[in-house]
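Colleague: Take a look at this one; I'll ask things after.
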Amino acid sequence: MRVLDPQSLGIQDDTRTRGSIALVDCVSFYASCERVFEPALDGRPIIVLSNNDGCVVAASPEAKQIDPDIMGKPWFKIEAWSRMAGVVARSSNYELYGSLSARVMAIIGKHSAWQEVYSIDESFIGLTGEGFELIATGQRIRSEVMQSTGVPVRVAIGATKTLAKVAALGIKRTPEMNGVCDFSAYTPAQQSRILASIPVTDLWGVASRTGKKLAALGIFTAKDLRDADAARIRKRFSVVLARTVLELRGIPCIELEMQPPAQKEQLIFSRSFSRKLTKPDEMAQVTAMYAQRVGQRLRKQGSLAGMMQVWAATGWADEGTPPHSTSVTVRLPAPTDDPIELARAAAFILPKLFPKELPGVRYARLGVVLNDLRPAASTPMLDLFSADDRELGATLDGITQKLGRDAIGVGVGGLKTPPGWEMKRAMLSKRATTEWDELCEAAA
DNA sequence: TCTGGGGTCCTAGGACCC
DNA sequence: TCTGGGGTCCTAGGACCC
């Protein structure tokens, strides 16, 4: 995210910064998506589980009412009572969420010349107008998105992104707002009261670590932070937190990013294992498989990678032994998206990562990271020594797309997924928007 | 050959977000 | 307080250059 430096903030001559910023975010997005094609779920408590049906990553308001702390809880711990309480659980269905997100974002975008799609379920847009006009626009956006997609959204408005986020907190706390709130509509005294009621760690960009340090300085609420000395905050913390201070005062420091998220700057494929791994050959196979998967993502986005990193970590306090993690990064001989080159790099890293015979360390997770990415087209083929095998990646990707991920691969990465490794998605809904076979059937 | 100052590039790690 | 996977930005410090 590109950001303005507070020092350069003296004069606002960009008309955009004089308008308002609205944060449009979906209510319990994944849970709402599950409802879109299964109306019988309306009004019922729904939760959506992470990969491997591990823990709760989304919960409908009804589910949060039953257990306000349900987010993040491991499924195996809550399965029994969930079923008894009538909570409906679903495995995450990212194909469905991705396609619904695109529709929602397109509708939101029609209401403004400036839109930043911030995440799968959140978008910032620029709005002009004031007072009741803004509220009316917000309500119009809500009803249009609901009508064309079935997904409920909130519209939170403020002079800056940070204040729009504050308005979003207000909507969540106050049902009477009916899904729309404009922070600027309050008087200065009211604004101060509202900010004084918000713990500083509820703010966008302030988490528990920073919260503890702020508490030591006597800064506990959003109002305390707004009224703190920005220069001192910058010195003691960072430019990031100093920007938050100014944003709370209504001075925009965090730009609206209009460009659609271009290519990723970094790609990661990481997974926890279903059991702890201790043997070098197991680690070698995992590394090769993950390198292959991250390579597929690389080619899909049309990039070349300049660096590869492999890291591995134990659980946090794995049976008494302290948590341990290790990581090795190498620069690739030349930027590449070639599966053989990537497999070679992974194989090169491996002995450096585990120099000895994994002395009693029980690894729980491993990740392969590609860095220093650039568009494939911009890099001329200069490496005289590389064979003419540029088509290999495309060929492999074509085969895996038709026949499945395990159909073919390079080296040990080409082995079939061993039993017990497949991702668990026991409660998967239909991919109703992206697969012909899984279309919704409407009763006549 | 250890003595000043300044700059850039790279990497590791912290912190945060959804 | 540690529950899963995938990201971004910023800072400090080391290597290296003139």
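Numbering starts fresh at 1 for the residues of each chain in the structure tokens, the chains themselves are lettered A, B, ... in the order given, and ligands are numbered from 1 as they appear.
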For chain B, which residues have at least one atom within 10 Å of chain A, if we go by only C-alpha atoms (C1' of nucleotides)? Write them as number ranges by chain, please.
Modeller: B: 11, 15-18
Colleague: From a DSSP pass on the backbone, collect the residues of stretch 152-257 of chain A flagged as helix (DSSP H, G or I) and hand them back as number ranges by chain.
Modeller: A: 161-173, 175-177, 183-185, 188-196, 200-202, 208-216, 222-226, 230-236, 239-248
Colleague: Rounded to one decimal, what separation in Å do you get between atom CA of A:Val145 and atom CA of A:Val104?
Modeller: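 Atom-to-atom, atom CA of A:Val145 and atom CA of A:Val104 are spaced 6.2 Å apart.
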Colleague: Find the residues around A:Glu438 up to 12 Å (only C-alpha atoms (C1' of nucleotides) counted), leave out those fewer than 4 positions away in its own chain, and share them as a PyMOL selection string.
Modeller: chain A and resi 37+95-96+428-434
Colleague: How would the residues just chosen look if you wrote them out with C-alpha atoms as a CSV table (one decimal), in the first residue's frame?
Modeller:
chain,number,residue,atom,x,y,z
A,37,PHE,CA,-27.4,-20.7,-2.6
A,95,GLU,CA,-14.2,-20.9,-5.4
A,96,LEU,CA,-17.7,-19.8,-4.3
A,428,LEU,CA,-18.1,-28.6,1.5
A,429,SER,CA,-21.0,-26.7,-0.2
A,430,LYS,CA,-21.5,-26.7,-3.9
A,431,ARG,CA,-19.3,-24.5,-6.2
A,432,ALA,CA,-22.5,-23.1,-7.6
A,433,THR,CA,-21.0,-20.3,-9.5
A,434,THR,CA,-17.9,-21.9,-11.0
Colleague: Can you check which residues of stretch 226-298 of chain A DSSP gives as strand (DSSP E) on the backbone and send them as a short mmCIF file (atom, residue, chain, number, x, y, z; two decimals) with N, CA and C atoms, in the first residue's frame?
Modeller:
data_model
loop_
_atom_site.label_atom_id
_atom_site.label_comp_id
_atom_site.auth_asym_id
_atom_site.auth_seq_id
_atom_site.Cartn_x
_atom_site.Cartn_y
_atom_site.Cartn_z
N LEU A 267 4.74 -14.78 -3.16
CA LEU A 267 3.79 -15.88 -3.16
C LEU A 267 4.24 -16.91 -2.14
N ILE A 268 3.27 -17.43 -1.41
CA ILE A 268 3.59 -18.40 -0.35
C ILE A 268 2.72 -19.62 -0.53
N PHE A 269 3.31 -20.79 -0.39
CA PHE A 269 2.49 -21.97 -0.17
C PHE A 269 2.94 -22.60 1.13
N SER A 270 2.07 -22.61 2.10
CA SER A 270 2.43 -23.20 3.39
C SER A 270 1.26 -23.97 3.95
N ARG A 271 1.56 -25.03 4.63
CA ARG A 271 0.52 -25.86 5.25
C ARG A 271 1.06 -26.47 6.54
N SER A 272 0.14 -26.68 7.47
CA SER A 272 0.48 -27.50 8.63
C SER A 272 0.32 -28.95 8.21
N PHE A 273 1.11 -29.84 8.80
CA PHE A 273 0.99 -31.26 8.47
C PHE A 273 -0.09 -31.89 9.34
N SER A 274 -0.65 -32.98 8.83
CA SER A 274 -1.67 -33.64 9.64
C SER A 274 -1.01 -34.41 10.79
N ARG A 275 0.29 -34.72 10.63
CA ARG A 275 1.05 -35.24 11.77
C ARG A 275 2.43 -34.62 11.73
N LYS A 276 3.15 -34.66 12.85
CA LYS A 276 4.48 -34.05 12.91
C LYS A 276 5.47 -34.85 12.07
N LEU A 277 6.38 -34.17 11.39
CA LEU A 277 7.36 -34.84 10.55
C LEU A 277 8.75 -34.74 11.16
#
Colleague: Please provide as a PyMOL selection string all residues within 7 Å of A:Gly19, with the sequence filter that same-chain residues fewer than 4 positions apart are discarded (counting only C-alpha atoms (C1' of nucleotides)).
Modeller: chain A and resi 126-128
Colleague: So which residues touch stretch 12-14 of chain B within 12 Å, counting only C-alpha atoms (C1' of nucleotides), skipping near sequence neighbours fewer than 5 positions away, as an mmCIF file with N, CA and C atoms (P, O5', C5', C4', C3', O3' and C1' of nucleotides), in the first residue's frame?
Modeller:
data_model
loop_
_atom_site.group_PDB
_atom_site.id
_atom_site.type_symbol
_atom_site.label_atom_id
_atom_site.label_comp_id
_atom_site.auth_asym_id
_atom_site.auth_seq_id
_atom_site.Cartn_x
_atom_site.Cartn_y
_atom_site.Cartn_z
ATOM 1 N N ARG A 209 0.417 -5.879 20.698
ATOM 2 C CA ARG A 209 1.803 -5.499 21.018
ATOM 3 C C ARG A 209 1.924 -3.996 21.223
ATOM 4 N N THR A 210 1.459 -3.285 20.219
ATOM 5 C CA THR A 210 1.501 -1.830 20.288
ATOM 6 C C THR A 210 0.612 -1.332 21.427
ATOM 7 N N PHE A 237 7.421 4.948 18.229
ATOM 8 C CA PHE A 237 6.856 3.788 17.560
ATOM 9 C C PHE A 237 7.309 3.761 16.112
ATOM 10 N N SER A 238 6.499 4.287 15.242
ATOM 11 C CA SER A 238 6.861 4.228 13.825
ATOM 12 C C SER A 238 6.037 5.244 13.054
ATOM 13 N N THR A 326 13.172 -22.472 11.307
ATOM 14 C CA THR A 326 14.394 -22.326 10.544
ATOM 15 C C THR A 326 14.016 -21.918 9.130
ATOM 16 N N SER A 327 14.930 -21.220 8.489
ATOM 17 C CA SER A 327 14.589 -20.684 7.177
ATOM 18 C C SER A 327 15.855 -20.457 6.359
ATOM 19 N N VAL A 328 15.776 -20.754 5.083
ATOM 20 C CA VAL A 328 16.910 -20.508 4.182
ATOM 21 C C VAL A 328 16.382 -19.833 2.909
ATOM 22 N N THR A 329 17.091 -18.797 2.493
ATOM 23 C CA THR A 329 16.708 -18.083 1.281
ATOM 24 C C THR A 329 17.839 -18.179 0.260
ATOM 25 P P DC C 9 3.083 -2.793 0.356
ATOM 26 O "O5'" DC C 9 3.549 -2.179 1.740
ATOM 27 C "C5'" DC C 9 2.588 -1.635 2.627
ATOM 28 C "C4'" DC C 9 3.284 -1.305 3.926
ATOM 29 C "C3'" DC C 9 4.592 -0.541 3.737
ATOM 30 O "O3'" DC C 9 4.553 0.610 4.565
ATOM 31 C "C1'" DC C 9 4.929 -2.443 5.125
ATOM 32 P P DC C 10 5.682 1.739 4.435
ATOM 33 O "O5'" DC C 10 6.579 1.430 5.699
ATOM 34 C "C5'" DC C 10 5.980 1.408 6.987
ATOM 35 C "C4'" DC C 10 7.003 0.946 7.991
ATOM 36 C "C3'" DC C 10 8.352 1.650 7.869
ATOM 37 O "O3'" DC C 10 8.647 2.266 9.109
ATOM 38 C "C1'" DC C 10 8.628 -0.726 7.963
ATOM 39 P P DT C 11 9.936 3.200 9.276
ATOM 40 O "O5'" DT C 11 10.939 2.203 10.014
ATOM 41 C "C5'" DT C 11 10.462 1.457 11.116
ATOM 42 C "C4'" DT C 11 11.593 0.606 11.649
ATOM 43 C "C3'" DT C 11 12.961 1.290 11.597
ATOM 44 O "O3'" DT C 11 13.600 1.068 12.829
ATOM 45 C "C1'" DT C 11 13.061 -0.776 10.448
ATOM 46 P P DA C 12 14.934 1.857 13.202
ATOM 47 O "O5'" DA C 12 15.926 0.664 13.530
ATOM 48 C "C5'" DA C 12 15.408 -0.552 14.071
ATOM 49 C "C4'" DA C 12 16.455 -1.641 13.913
ATOM 50 C "C3'" DA C 12 17.895 -1.136 13.998
ATOM 51 O "O3'" DA C 12 18.644 -2.082 14.739
ATOM 52 C "C1'" DA C 12 17.543 -2.176 11.899
ATOM 53 P P DG C 13 20.151 -1.709 15.153
ATOM 54 O "O5'" DG C 13 20.991 -2.679 14.224
ATOM 55 C "C5'" DG C 13 20.616 -4.050 14.100
ATOM 56 C "C4'" DG C 13 21.411 -4.675 12.987
ATOM 57 C "C3'" DG C 13 22.858 -4.170 12.905
ATOM 58 O "O3'" DG C 13 23.695 -5.289 12.660
ATOM 59 C "C1'" DG C 13 21.810 -3.874 10.839
ATOM 60 P P DG C 14 25.267 -5.150 12.860
ATOM 61 O "O5'" DG C 14 25.783 -5.897 11.568
ATOM 62 C "C5'" DG C 14 25.159 -7.119 11.155
ATOM 63 C "C4'" DG C 14 25.481 -7.358 9.702
ATOM 64 C "C3'" DG C 14 26.935 -7.039 9.334
ATOM 65 O "O3'" DG C 14 27.468 -8.122 8.587
ATOM 66 C "C1'" DG C 14 25.450 -5.845 7.924
#
Colleague: Atom CA of A:Ile194 to atom CA of A:Tyr30: how many Å, to one decimal?
Modeller: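 Rounded to one decimal, the two atoms are 29.7 Å apart.
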Colleague: As a PyMOL selection string, please: the residues near A:Gln191 (cut-off 12 Å, only C-alpha atoms (C1' of nucleotides), same-chain neighbours under 2 positions excluded).
Modeller: chain A and resi 158+163+166-167+170+182-189+193-198+222-223+226+248-250
Colleague: What is the distance, in Å and to one decimal place, between atom CA of A:Arg234 and atom CA of A:Asp202?
Modeller: 19.7 Å
